[in-house]
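Participant: There's a structure below that I have some questions on.
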Amino acid sequence: MDAMVVTGGRRLKGRVRAGGAKNAALPIMAASILAEGPMRLKDVPDLADIRTMTRLLKTLGVRVEREPDGDMILRSPRRTTRNRAPYKIMRTMRAGICVLGPLVARRGKAEVSLPGGCAIGDRPVDLHLKGLAALGARIRIRHGYIVGGCRRLHGAEMYLGGPFGSSVTGTENILMAAVLAKGTTVIDCAACEPEVRDLARVLVKMGAQIYGVGSPRLVVEGVDHLTGCEHTVIPDRIEAGTLLLAGAATHGDVTVEGARWDDLFALVSVLREIGIEVQHFDDTIRVRASRRPKSVDVTTLPFPGFPTDLQAQMMALLTVADGISVVTEKIFPDRFMHVAELGRMGAEIRKEGNAVVVHGTRTLSGAEVMASDLRASAALVIAGLVAGGKTTISRVYHLDRGYQRLERKLRRLGAAIRRVKQ
Ligand code: UD1
């Protein structure tokens with residue numbers, strides 16, 4: 001197993017580029033099931049989760065190839081009975097659930113393993129099932145699998161809000177089903193995340209009729225067939241945000257290409273509030289931190305709110321801010337596995353329900369810590385970059401699920417970080 005060794009205390013400086021967005025690429029890959037013709041995708045990052053989705057789609061009969069230039073080509077078979085998404089794949093990557101809607105809509109049958117919970121809490125899929133049932137699918141749970149079927153889905157009006165607001169993959173699943181349903185579908189309380197928008201754009205390129213893209217109300221006029229298409233995946237706002245936060249936390253001067261202002265507005269506002277200088281031009285954001293950041297209260301919310309996927313990294317920065325910060329998690333109330341590890345590095349930090357109180361200290365001290373989930377790992381890397389001495393982060397396979405060779409990008413910015421075998 002790999003570990004990451006970070007020697008902290010260096011100011012990051014320079015320019016890097018964020019790759020294609022994992023969370024946009026995953027549902028777009030699943031949308032290939034709907035296409036009668038090949039799909040060519042550019043900027044699909046080379047990540048563990050993408051490889052898992054590739055494996056899942058191959059199990060479902062889809063041909064997936066990477067061309068020498070990095071483009072991914074996906075071809076769905078005309079006919080197949082391979083409609084089962086097995087537990088051994090689904091338990092490692094929850095986004096596998098995105099094949100459910102396309103399978104039911106295009107093939108009339110799906111057996112998709114329930115993914116189960118994960119380190120950030122229990123992860124229900126009731127909204128996915130509610131939406132599919134509204135579209136006329138027969139849904140049952142059998143032996144840990146969602147078994148769905150229908151002759152042809154029909155349009156419906158539905159409210160997809162849950163106790164924590166909208167659901168990203170829930171909206172994506174229902175959208176991918178509704179595009180082939182007969183008649184009009186209205187999805188209210190749809191997720192507005194940029195990744196949902198990117199998927200909707202792909203579906204429109206394939207021939208779908210979707211109105212209100214980017215808004216919380218999506219209206220879909222079902223069509224009979226969808227074709228293949230070509231698409232460039234949007235840049236990863238979470239990777240970009242992580243690199244910007246690493247720059248800010250180390251009092252650095254970092255420019256990230258592939259960082260869209262519109263997609264990162266909440267982060268930029270918070271960074272400015274704590275005294276970081278932020279500039280943006282086209283798809284590029286630059287942060288400059290000349291002094292110690294101030295404390296701030298941050299609450300995660302669905303887009304355009306502060307993203308839960310940057311909560312841990314933001315918290316790592318706030319451990320060395322001047323003053324007391326409160327970080328409240330409103331999407332995944334248990335997403336605080338990083339708190340204890342940051343504590344091992346000297347952070348003065350206390351969890352209270354779905355909030356964490358952070359008393360900023362002047363510095364952290366390097367320690368041996370353990371990554372528990374994808375974004376928690378990124379937070380520990382940022383903490384390692386600001387800490388005095390050496391930090392060893394084990395179980396970095398979590399990090400590799402969502403960041404393509406993060407250590408190389410950080411090294412380019414001057415960080416002392418290397419991957420070692422443990
Ligand atoms: C997606 C992202 C993930 C991000 C999350 C929130 C992908 C592949 N993953 O995950 O990185 O952290 O959005 O921005 O895009 N919920 C229900 N019922 C449901 C579905 C969700 O109650 O049927 C709840 C969840 O428990 C959570 C909230 O809704 O509290 C939001 O979850 P959701 O948006 O569905 O997250 P994912 O789509 O799984």
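Just remember, in the structure tokens the first chain shown is A, the second B, etc., residues are 1-based per chain, and ligands are 1-based in the order shown.
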I'd like the neighbourhood of segment 380-386 of chain A as a PDB file with N, CA, C and O atoms, in the first residue's frame, where a residue qualifies if any of its atoms comes within 6 Å (using only C-alpha atoms), though same-chain residues fewer than 4 positions away should be ignored.

Facilitator:
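Generated output (out26.pdb):
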```pdb
ATOM      1  N   VAL A   6       5.082  13.979   3.547  1.00  0.00           N
ATOM      2  CA  VAL A   6       5.106  15.421   3.295  1.00  0.00           C
ATOM      3  C   VAL A   6       6.016  16.083   4.325  1.00  0.00           C
ATOM      4  O   VAL A   6       5.898  15.814   5.520  1.00  0.00           O
ATOM      5  N   GLY A   8       6.597  19.637   5.729  1.00  0.00           N
ATOM      6  CA  GLY A   8       5.842  20.897   5.674  1.00  0.00           C
ATOM      7  C   GLY A   8       6.714  22.130   5.768  1.00  0.00           C
ATOM      8  O   GLY A   8       7.939  22.057   5.904  1.00  0.00           O
ATOM      9  N   GLY A   9       6.037  23.281   5.673  1.00  0.00           N
ATOM     10  CA  GLY A   9       6.713  24.548   5.898  1.00  0.00           C
ATOM     11  C   GLY A   9       7.139  25.283   4.654  1.00  0.00           C
ATOM     12  O   GLY A   9       7.732  26.350   4.741  1.00  0.00           O
ATOM     13  N   ALA A 246      -4.555  24.666  -0.811  1.00  0.00           N
ATOM     14  CA  ALA A 246      -3.173  24.332  -0.443  1.00  0.00           C
ATOM     15  C   ALA A 246      -2.297  25.579  -0.580  1.00  0.00           C
ATOM     16  O   ALA A 246      -1.454  25.863   0.286  1.00  0.00           O
ATOM     17  N   THR A 250      -0.539  27.605   2.766  1.00  0.00           N
ATOM     18  CA  THR A 250       0.925  27.678   2.908  1.00  0.00           C
ATOM     19  C   THR A 250       1.456  29.105   2.698  1.00  0.00           C
ATOM     20  O   THR A 250       2.641  29.289   2.465  1.00  0.00           O
ATOM     21  N   ALA A 316      -8.748  22.065   7.212  1.00  0.00           N
ATOM     22  CA  ALA A 316      -7.295  21.961   7.410  1.00  0.00           C
ATOM     23  C   ALA A 316      -6.675  23.353   7.414  1.00  0.00           C
ATOM     24  O   ALA A 316      -5.837  23.672   8.261  1.00  0.00           O
ATOM     25  N   THR A 391       5.108  14.553   7.875  1.00  0.00           N
ATOM     26  CA  THR A 391       3.805  13.907   8.053  1.00  0.00           C
ATOM     27  C   THR A 391       3.748  12.712   7.105  1.00  0.00           C
ATOM     28  O   THR A 391       4.064  12.842   5.923  1.00  0.00           O
TER      29      THR A 391
END
```

Participant: May I ask you to write as a list in words all residues lying at most 7 Å from ligand 1, with only C-alpha atoms and all ligand atoms counted?

Facilitator: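 The neighbouring residues of ligand 1 are, in order, Asn23, Ala24, Leu26, Arg94, Ala95, Asp122, Arg123, Pro124, Val125, Asp126, Leu127, His128, Gly162, Pro163, Phe164, Gly165, Ser166, Ser167, Val168, Thr169, Gly170, Pro302, Pro307, Thr308, Asp309, Ile331 and Phe332 of chain A.
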
Participant: For the selection just defined, write its residues with N, CA and C atoms to a file, as a CSV table (one decimal), in the first residue's frame.

Facilitator:
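This is the output file selection_9.csv:
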```csv
chain,number,residue,atom,x,y,z
A,23,ASN,N,-16.5,13.7,-11.0
A,23,ASN,CA,-18.0,13.5,-10.7
A,23,ASN,C,-18.8,13.9,-11.9
A,24,ALA,N,-18.2,14.5,-12.9
A,24,ALA,CA,-19.0,14.8,-14.2
A,24,ALA,C,-18.8,13.5,-15.1
A,26,LEU,N,-18.1,10.4,-14.4
A,26,LEU,CA,-18.7,9.1,-14.0
A,26,LEU,C,-20.2,9.0,-14.6
A,94,ARG,N,-19.7,4.3,-5.0
A,94,ARG,CA,-21.2,4.6,-4.9
A,94,ARG,C,-21.7,5.1,-6.2
A,95,ALA,N,-20.9,5.8,-7.0
A,95,ALA,CA,-21.4,6.5,-8.2
A,95,ALA,C,-21.8,5.4,-9.2
A,122,ASP,N,-24.2,6.9,6.3
A,122,ASP,CA,-25.1,6.1,5.4
A,122,ASP,C,-25.6,6.9,4.2
A,123,ARG,N,-25.7,6.2,3.1
A,123,ARG,CA,-25.9,6.9,1.9
A,123,ARG,C,-27.2,6.3,1.2
A,124,PRO,N,-28.4,6.8,1.6
A,124,PRO,CA,-29.6,6.3,1.0
A,124,PRO,C,-29.7,6.5,-0.5
A,125,VAL,N,-30.6,5.7,-1.1
A,125,VAL,CA,-30.9,6.0,-2.5
A,125,VAL,C,-32.4,6.1,-2.8
A,126,ASP,N,-33.1,6.4,-1.7
A,126,ASP,CA,-34.6,6.4,-1.8
A,126,ASP,C,-35.1,7.4,-2.9
A,127,LEU,N,-34.3,8.5,-3.0
A,127,LEU,CA,-34.8,9.5,-4.0
A,127,LEU,C,-34.6,9.0,-5.5
A,128,HIS,N,-33.6,8.2,-5.7
A,128,HIS,CA,-33.4,7.6,-7.0
A,128,HIS,C,-34.6,6.7,-7.3
A,162,GLY,N,-34.8,15.9,-0.6
A,162,GLY,CA,-34.8,15.0,0.5
A,162,GLY,C,-34.5,15.7,1.8
A,163,PRO,N,-34.2,15.1,2.9
A,163,PRO,CA,-34.0,15.8,4.2
A,163,PRO,C,-32.7,16.7,4.1
A,164,PHE,N,-31.8,16.4,3.2
A,164,PHE,CA,-30.6,17.2,3.1
A,164,PHE,C,-30.6,18.0,1.8
A,165,GLY,N,-31.7,18.2,1.2
A,165,GLY,CA,-31.8,19.0,0.0
A,165,GLY,C,-31.8,18.1,-1.2
A,166,SER,N,-31.3,18.6,-2.3
A,166,SER,CA,-31.3,17.8,-3.6
A,166,SER,C,-30.3,16.7,-3.6
A,167,SER,N,-30.4,15.8,-4.5
A,167,SER,CA,-29.4,14.7,-4.6
A,167,SER,C,-28.7,14.8,-6.0
A,168,VAL,N,-27.4,14.8,-6.0
A,168,VAL,CA,-26.7,15.0,-7.2
A,168,VAL,C,-26.9,13.8,-8.1
A,169,THR,N,-26.4,12.6,-7.7
A,169,THR,CA,-26.5,11.4,-8.5
A,169,THR,C,-28.0,11.0,-8.7
A,170,GLY,N,-28.9,11.3,-7.7
A,170,GLY,CA,-30.3,11.1,-7.8
A,170,GLY,C,-30.9,11.8,-9.0
A,302,PRO,N,-26.0,22.5,-0.7
A,302,PRO,CA,-25.9,22.1,-2.1
A,302,PRO,C,-25.5,23.3,-3.0
A,307,PRO,N,-19.2,23.7,-1.1
A,307,PRO,CA,-19.3,22.2,-1.4
A,307,PRO,C,-18.8,21.4,-0.2
A,308,THR,N,-19.6,20.4,0.1
A,308,THR,CA,-19.2,19.4,1.1
A,308,THR,C,-17.8,18.8,0.8
A,309,ASP,N,-17.6,18.6,-0.5
A,309,ASP,CA,-16.3,18.0,-1.0
A,309,ASP,C,-15.1,18.9,-0.8
A,331,ILE,N,-24.7,18.5,4.5
A,331,ILE,CA,-25.0,17.5,3.5
A,331,ILE,C,-24.8,16.1,4.1
A,332,PHE,N,-23.6,15.9,4.6
A,332,PHE,CA,-23.3,14.6,5.2
A,332,PHE,C,-22.9,14.9,6.7
```

Participant: For segment 204-220 of chain A, please output as a compact mmCIF listing (two decimals) with C-alpha atoms, in the first residue's frame all residues within 6 Å (counting only C-alpha atoms; exclusion window: fewer than 2 positions along the same chain).

Facilitator:
```txt
# COMPACT_ATOMS: atom_id res chain seq x y z
CA VAL A 179 -34.85 11.44 -21.55
CA THR A 184 -43.03 15.20 -20.35
CA THR A 185 -41.16 14.90 -17.05
CA VAL A 186 -40.78 17.72 -14.53
CA ILE A 187 -38.07 17.26 -11.89
CA ASP A 188 -38.44 19.76 -9.08
CA CYS A 189 -35.68 20.36 -6.51
CA ALA A 190 -33.18 19.03 -9.04
CA CYS A 192 -27.85 22.35 -9.75
CA ARG A 197 -25.24 20.59 -15.93
CA ARG A 201 -25.35 19.08 -21.97
CA VAL A 202 -24.13 15.66 -23.06
CA LEU A 226 -30.39 8.93 -28.48
CA THR A 227 -27.26 8.94 -30.58
CA GLY A 228 -23.58 8.96 -29.65
CA CYS A 229 -21.73 12.25 -29.30
```

Participant: Pull the helix (DSSP H, G or I) assignments for segment 70-153 of chain A out of DSSP run on the backbone, and list those residues as a JSON list (two decimals) with all heavy atoms, in the first residue's frame.

Facilitator:
```
[["chain", "number", "residue", "atom", "x", "y", "z"],
["A", 87, "TYR", "N", -22.31, -6.48, -6.58],
["A", 87, "TYR", "CA", -21.92, -5.86, -5.30],
["A", 87, "TYR", "C", -20.43, -5.62, -5.22],
["A", 87, "TYR", "O", -19.98, -4.60, -4.73],
["A", 87, "TYR", "CB", -22.38, -6.78, -4.15],
["A", 87, "TYR", "CG", -22.00, -6.27, -2.78],
["A", 87, "TYR", "CD1", -22.44, -5.02, -2.34],
["A", 87, "TYR", "CD2", -21.22, -7.03, -1.90],
["A", 87, "TYR", "CE1", -22.10, -4.55, -1.08],
["A", 87, "TYR", "CE2", -20.87, -6.56, -0.65],
["A", 87, "TYR", "CZ", -21.32, -5.33, -0.24],
["A", 87, "TYR", "OH", -20.97, -4.86, 1.00],
["A", 88, "LYS", "N", -19.63, -6.57, -5.75],
["A", 88, "LYS", "CA", -18.18, -6.45, -5.58],
["A", 88, "LYS", "C", -17.64, -5.17, -6.25],
["A", 88, "LYS", "O", -16.62, -4.63, -5.84],
["A", 88, "LYS", "CB", -17.43, -7.69, -6.05],
["A", 88, "LYS", "CG", -17.43, -7.97, -7.53],
["A", 88, "LYS", "CD", -16.45, -9.13, -7.79],
["A", 88, "LYS", "CE", -16.17, -9.34, -9.26],
["A", 88, "LYS", "NZ", -17.27, -9.82, -10.07],
["A", 89, "ILE", "N", -18.34, -4.66, -7.24],
["A", 89, "ILE", "CA", -17.93, -3.38, -7.84],
["A", 89, "ILE", "C", -18.63, -2.22, -7.13],
["A", 89, "ILE", "O", -18.01, -1.22, -6.77],
["A", 89, "ILE", "CB", -18.24, -3.34, -9.35],
["A", 89, "ILE", "CG1", -17.48, -4.47, -10.06],
["A", 89, "ILE", "CG2", -17.85, -1.99, -9.95],
["A", 89, "ILE", "CD1", -17.66, -4.51, -11.57],
["A", 90, "MET", "N", -19.92, -2.37, -6.89],
["A", 90, "MET", "CA", -20.72, -1.26, -6.33],
["A", 90, "MET", "C", -20.25, -0.84, -4.94],
["A", 90, "MET", "O", -20.35, 0.32, -4.58],
["A", 90, "MET", "CB", -22.19, -1.68, -6.26],
["A", 90, "MET", "CG", -22.84, -1.88, -7.61],
["A", 90, "MET", "SD", -22.97, -0.35, -8.53],
["A", 90, "MET", "CE", -24.12, 0.55, -7.52],
["A", 94, "ARG", "N", -19.73, 4.33, -4.96],
["A", 94, "ARG", "CA", -21.17, 4.56, -4.89],
["A", 94, "ARG", "C", -21.74, 5.12, -6.20],
["A", 94, "ARG", "O", -22.91, 4.92, -6.51],
["A", 94, "ARG", "CB", -21.49, 5.52, -3.75],
["A", 94, "ARG", "CG", -21.11, 4.97, -2.40],
["A", 94, "ARG", "CD", -21.68, 5.86, -1.37],
["A", 94, "ARG", "NE", -23.01, 6.28, -1.77],
["A", 94, "ARG", "CZ", -24.11, 5.58, -1.57],
["A", 94, "ARG", "NH1", -24.07, 4.46, -0.92],
["A", 94, "ARG", "NH2", -25.27, 6.03, -2.00],
["A", 95, "ALA", "N", -20.90, 5.84, -6.96],
["A", 95, "ALA", "CA", -21.40, 6.46, -8.19],
["A", 95, "ALA", "C", -21.85, 5.40, -9.20],
["A", 95, "ALA", "O", -22.51, 5.73, -10.20],
["A", 95, "ALA", "CB", -20.35, 7.36, -8.80],
["A", 96, "GLY", "N", -21.53, 4.14, -8.95],
["A", 96, "GLY", "CA", -22.01, 3.05, -9.81],
["A", 96, "GLY", "C", -23.53, 3.06, -9.91],
["A", 96, "GLY", "O", -24.09, 2.58, -10.91],
["A", 97, "ILE", "N", -24.19, 3.64, -8.93],
["A", 97, "ILE", "CA", -25.66, 3.71, -8.95],
["A", 97, "ILE", "C", -26.18, 4.44, -10.20],
["A", 97, "ILE", "O", -27.32, 4.26, -10.60],
["A", 97, "ILE", "CB", -26.17, 4.39, -7.64],
["A", 97, "ILE", "CG1", -27.68, 4.21, -7.43],
["A", 97, "ILE", "CG2", -25.83, 5.86, -7.60],
["A", 97, "ILE", "CD1", -28.09, 2.86, -6.98],
["A", 98, "CYS", "N", -25.31, 5.24, -10.82],
["A", 98, "CYS", "CA", -25.70, 6.01, -12.02],
["A", 98, "CYS", "C", -26.06, 5.12, -13.20],
["A", 98, "CYS", "O", -26.58, 5.63, -14.20],
["A", 98, "CYS", "CB", -24.58, 6.96, -12.45],
["A", 98, "CYS", "SG", -24.37, 8.32, -11.33],
["A", 99, "VAL", "N", -25.76, 3.84, -13.14],
["A", 99, "VAL", "CA", -26.16, 2.98, -14.28],
["A", 99, "VAL", "C", -27.62, 2.56, -14.16],
["A", 99, "VAL", "O", -28.20, 2.06, -15.14],
["A", 99, "VAL", "CB", -25.25, 1.72, -14.41],
["A", 99, "VAL", "CG1", -23.79, 2.12, -14.62],
["A", 99, "VAL", "CG2", -25.40, 0.78, -13.22],
["A", 100, "LEU", "N", -28.21, 2.75, -12.99],
["A", 100, "LEU", "CA", -29.58, 2.26, -12.78],
["A", 100, "LEU", "C", -30.58, 2.90, -13.74],
["A", 100, "LEU", "O", -31.33, 2.20, -14.44],
["A", 100, "LEU", "CB", -29.99, 2.53, -11.31],
["A", 100, "LEU", "CG", -31.41, 2.12, -10.92],
["A", 100, "LEU", "CD1", -31.61, 0.62, -11.06],
["A", 100, "LEU", "CD2", -31.73, 2.57, -9.48],
["A", 101, "GLY", "N", -30.61, 4.24, -13.78],
["A", 101, "GLY", "CA", -31.57, 4.94, -14.65],
["A", 101, "GLY", "C", -31.39, 4.56, -16.12],
["A", 101, "GLY", "O", -32.37, 4.17, -16.79],
["A", 102, "PRO", "N", -30.15, 4.64, -16.65],
["A", 102, "PRO", "CA", -29.95, 4.26, -18.06],
["A", 102, "PRO", "C", -30.34, 2.81, -18.36],
["A", 102, "PRO", "O", -30.94, 2.53, -19.41],
["A", 102, "PRO", "CB", -28.44, 4.47, -18.26],
["A", 102, "PRO", "CG", -28.06, 5.49, -17.25],
["A", 102, "PRO", "CD", -28.95, 5.27, -16.08],
["A", 103, "LEU", "N", -30.04, 1.88, -17.44],
["A", 103, "LEU", "CA", -30.39, 0.47, -17.71],
["A", 103, "LEU", "C", -31.89, 0.31, -17.81],
["A", 103, "LEU", "O", -32.41, -0.33, -18.75],
["A", 103, "LEU", "CB", -29.85, -0.43, -16.59],
["A", 103, "LEU", "CG", -28.35, -0.73, -16.58],
["A", 103, "LEU", "CD1", -27.99, -1.60, -15.37],
["A", 103, "LEU", "CD2", -27.91, -1.43, -17.87],
["A", 104, "VAL", "N", -32.63, 0.89, -16.87],
["A", 104, "VAL", "CA", -34.09, 0.74, -16.88],
["A", 104, "VAL", "C", -34.66, 1.40, -18.14],
["A", 104, "VAL", "O", -35.51, 0.84, -18.83],
["A", 104, "VAL", "CB", -34.71, 1.35, -15.60],
["A", 104, "VAL", "CG1", -36.23, 1.35, -15.68],
["A", 104, "VAL", "CG2", -34.26, 0.58, -14.37],
["A", 105, "ALA", "N", -34.14, 2.61, -18.46],
["A", 105, "ALA", "CA", -34.72, 3.35, -19.58],
["A", 105, "ALA", "C", -34.43, 2.69, -20.93],
["A", 105, "ALA", "O", -35.29, 2.57, -21.78],
["A", 105, "ALA", "CB", -34.18, 4.78, -19.58],
["A", 106, "ARG", "N", -33.19, 2.23, -21.14],
["A", 106, "ARG", "CA", -32.81, 1.72, -22.47],
["A", 106, "ARG", "C", -33.06, 0.23, -22.61],
["A", 106, "ARG", "O", -33.50, -0.24, -23.65],
["A", 106, "ARG", "CB", -31.33, 2.03, -22.71],
["A", 106, "ARG", "CG", -30.75, 1.41, -23.96],
["A", 106, "ARG", "CD", -30.81, 2.33, -25.17],
["A", 106, "ARG", "NE", -30.55, 1.65, -26.42],
["A", 106, "ARG", "CZ", -29.36, 1.34, -26.91],
["A", 106, "ARG", "NH1", -28.27, 1.66, -26.22],
["A", 106, "ARG", "NH2", -29.23, 0.73, -28.07],
["A", 107, "ARG", "N", -32.76, -0.51, -21.53],
["A", 107, "ARG", "CA", -32.84, -1.97, -21.67],
["A", 107, "ARG", "C", -34.09, -2.57, -21.02],
["A", 107, "ARG", "O", -34.33, -3.76, -21.12],
["A", 107, "ARG", "CB", -31.58, -2.61, -21.06],
["A", 107, "ARG", "CG", -30.30, -2.12, -21.74],
["A", 107, "ARG", "CD", -29.11, -2.88, -21.24],
["A", 107, "ARG", "NE", -27.86, -2.37, -21.79],
["A", 107, "ARG", "CZ", -26.67, -2.78, -21.38],
["A", 107, "ARG", "NH1", -26.56, -3.70, -20.43],
["A", 107, "ARG", "NH2", -25.57, -2.28, -21.93],
["A", 126, "ASP", "N", -33.10, 6.40, -1.68],
["A", 126, "ASP", "CA", -34.57, 6.44, -1.78],
["A", 126, "ASP", "C", -35.06, 7.41, -2.85],
["A", 126, "ASP", "O", -36.05, 7.15, -3.54],
["A", 126, "ASP", "CB", -35.18, 6.81, -0.42],
["A", 126, "ASP", "CG", -34.60, 8.11, 0.14],
["A", 126, "ASP", "OD1", -33.37, 8.21, 0.25],
["A", 126, "ASP", "OD2", -35.38, 9.04, 0.43],
["A", 127, "LEU", "N", -34.34, 8.54, -3.04],
["A", 127, "LEU", "CA", -34.80, 9.53, -4.03],
["A", 127, "LEU", "C", -34.64, 8.98, -5.45],
["A", 127, "LEU", "O", -35.48, 9.23, -6.31],
["A", 127, "LEU", "CB", -34.02, 10.84, -3.88],
["A", 127, "LEU", "CG", -34.22, 11.55, -2.53],
["A", 127, "LEU", "CD1", -33.24, 12.72, -2.39],
["A", 127, "LEU", "CD2", -35.66, 12.06, -2.39],
["A", 128, "HIS", "N", -33.58, 8.21, -5.69],
["A", 128, "HIS", "CA", -33.38, 7.58, -7.00],
["A", 128, "HIS", "C", -34.58, 6.66, -7.28],
["A", 128, "HIS", "O", -35.15, 6.67, -8.38],
["A", 128, "HIS", "CB", -32.11, 6.72, -7.03],
["A", 128, "HIS", "CG", -30.85, 7.44, -6.68],
["A", 128, "HIS", "ND1", -29.76, 7.48, -7.52],
["A", 128, "HIS", "CD2", -30.47, 8.14, -5.58],
["A", 128, "HIS", "CE1", -28.77, 8.15, -6.94],
["A", 128, "HIS", "NE2", -29.19, 8.56, -5.77],
["A", 129, "LEU", "N", -34.93, 5.88, -6.26],
["A", 129, "LEU", "CA", -35.98, 4.87, -6.46],
["A", 129, "LEU", "C", -37.35, 5.54, -6.60],
["A", 129, "LEU", "O", -38.17, 5.13, -7.43],
["A", 129, "LEU", "CB", -35.98, 3.87, -5.29],
["A", 129, "LEU", "CG", -34.63, 3.18, -5.02],
["A", 129, "LEU", "CD1", -34.78, 2.07, -3.99],
["A", 129, "LEU", "CD2", -34.02, 2.61, -6.31],
["A", 130, "LYS", "N", -37.56, 6.59, -5.80],
["A", 130, "LYS", "CA", -38.83, 7.33, -5.87],
["A", 130, "LYS", "C", -39.03, 7.90, -7.28],
["A", 130, "LYS", "O", -40.11, 7.79, -7.87],
["A", 130, "LYS", "CB", -38.79, 8.45, -4.84],
["A", 130, "LYS", "CG", -39.94, 9.42, -4.88],
["A", 130, "LYS", "CD", -39.75, 10.50, -3.81],
["A", 130, "LYS", "CE", -40.45, 11.79, -4.20],
["A", 130, "LYS", "NZ", -40.27, 12.86, -3.24],
["A", 131, "GLY", "N", -37.97, 8.47, -7.82],
["A", 131, "GLY", "CA", -38.07, 9.08, -9.16],
["A", 131, "GLY", "C", -38.33, 8.05, -10.22],
["A", 131, "GLY", "O", -39.18, 8.25, -11.11],
["A", 132, "LEU", "N", -37.63, 6.92, -10.14],
["A", 132, "LEU", "CA", -37.83, 5.87, -11.16],
["A", 132, "LEU", "C", -39.24, 5.29, -11.07],
["A", 132, "LEU", "O", -39.87, 5.02, -12.10],
["A", 132, "LEU", "CB", -36.80, 4.76, -10.98],
["A", 132, "LEU", "CG", -35.40, 5.07, -11.53],
["A", 132, "LEU", "CD1", -34.45, 3.93, -11.21],
["A", 132, "LEU", "CD2", -35.46, 5.31, -13.04],
["A", 133, "ALA", "N", -39.73, 5.12, -9.84],
["A", 133, "ALA", "CA", -41.08, 4.59, -9.66],
["A", 133, "ALA", "C", -42.09, 5.58, -10.26],
["A", 133, "ALA", "O", -43.05, 5.18, -10.92],
["A", 133, "ALA", "CB", -41.36, 4.35, -8.18],
["A", 134, "ALA", "N", -41.86, 6.88, -10.06],
["A", 134, "ALA", "CA", -42.77, 7.89, -10.63],
["A", 134, "ALA", "C", -42.80, 7.79, -12.15],
["A", 134, "ALA", "O", -43.84, 8.06, -12.78],
["A", 134, "ALA", "CB", -42.35, 9.29, -10.19]]
```

Participant: Give me, as a PyMOL selection string, the residues of segment 72-298 of chain A that a backbone DSSP run labels strand (DSSP E).

Facilitator: chain A and resi 72-75+84-85+109-113+138-142+145-149+157-159+184-188+209-211+217-221+230-232+253-257+277-281+284-288+298

Participant: Output C-alpha atoms for every residue in that selection, as a CSV table (one decimal), in the first residue's frame.

Facilitator:
```csv
chain,number,residue,atom,x,y,z
A,72,MET,CA,-12.3,7.5,-24.1
A,73,ILE,CA,-14.6,5.8,-26.6
A,74,LEU,CA,-17.7,4.0,-25.2
A,75,ARG,CA,-19.9,1.7,-27.3
A,84,ARG,CA,-26.5,-6.8,-13.4
A,85,ALA,CA,-24.2,-4.4,-11.6
A,109,LYS,CA,-34.3,-4.2,-16.9
A,110,ALA,CA,-31.7,-3.6,-14.2
A,111,GLU,CA,-30.3,-5.4,-11.3
A,112,VAL,CA,-28.0,-3.0,-9.4
A,113,SER,CA,-26.5,-3.9,-6.1
A,138,ARG,CA,-41.4,-1.5,-11.1
A,139,ILE,CA,-38.8,-1.4,-8.3
A,140,ARG,CA,-38.1,-4.1,-5.7
A,141,ILE,CA,-35.2,-4.8,-3.4
A,142,ARG,CA,-34.1,-8.5,-3.6
A,145,TYR,CA,-30.1,-5.7,-5.2
A,146,ILE,CA,-32.4,-3.1,-6.7
A,147,VAL,CA,-34.4,-4.9,-9.3
A,148,GLY,CA,-36.1,-2.5,-11.8
A,149,GLY,CA,-38.0,-3.1,-14.9
A,157,GLU,CA,-44.0,15.3,-12.3
A,158,MET,CA,-41.9,14.8,-9.3
A,159,TYR,CA,-40.3,16.5,-6.3
A,184,THR,CA,-43.0,15.2,-20.4
A,185,THR,CA,-41.2,14.9,-17.0
A,186,VAL,CA,-40.8,17.7,-14.5
A,187,ILE,CA,-38.1,17.3,-11.9
A,188,ASP,CA,-38.4,19.8,-9.1
A,209,GLN,CA,-34.8,17.6,-25.0
A,210,ILE,CA,-34.0,19.2,-21.6
A,211,TYR,CA,-35.1,22.6,-20.5
A,217,ARG,CA,-36.6,22.6,-12.2
A,218,LEU,CA,-35.7,20.4,-15.1
A,219,VAL,CA,-38.3,19.8,-17.8
A,220,VAL,CA,-37.7,16.8,-20.1
A,221,GLU,CA,-39.6,15.9,-23.3
A,230,GLU,CA,-18.4,13.9,-28.6
A,231,HIS,CA,-17.8,15.9,-25.4
A,232,THR,CA,-15.1,17.4,-23.3
A,253,ASP,CA,1.0,32.3,-4.6
A,254,VAL,CA,-0.8,29.7,-6.7
A,255,THR,CA,-2.6,29.9,-10.0
A,256,VAL,CA,-4.9,27.1,-11.1
A,257,GLU,CA,-6.0,26.7,-14.7
A,277,GLU,CA,-6.2,37.8,-2.3
A,278,VAL,CA,-8.1,36.1,-5.2
A,279,GLN,CA,-8.0,37.1,-8.8
A,280,HIS,CA,-9.7,35.3,-11.8
A,281,PHE,CA,-9.5,35.5,-15.5
A,284,THR,CA,-8.0,30.5,-14.1
A,285,ILE,CA,-8.0,31.5,-10.5
A,286,ARG,CA,-5.0,32.9,-8.6
A,287,VAL,CA,-4.7,33.0,-4.8
A,288,ARG,CA,-2.1,35.0,-2.9
A,298,VAL,CA,-18.4,27.9,6.9
```

Participant: Using only C-alpha atoms, find the one residue out of A:Gly183, A:Gly121, A:Pro86, A:Gly402 that sits nearest to Gly144 of chain A.

Facilitator: A:Pro86

Participant: Name all residues at most 10 Å from segment 240-242 of chain A (count only C-alpha atoms; drop same-chain ones fewer than 3 positions away) and give them as a ChimeraX atom specification.

Facilitator: /A:16-19,21,235-237,245-248,255-260,263-264,267-268,284-285,307,309-314,375,378-379,381-382,403,406

Participant: Ranking A:Pro27, A:Ala249, A:Leu180, A:Asp2 by minimum distance to Glu195 of chain A and counting only C-alpha atoms, which one comes first?

Facilitator: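 Nearest to Glu195 of chain A: A:Pro27.
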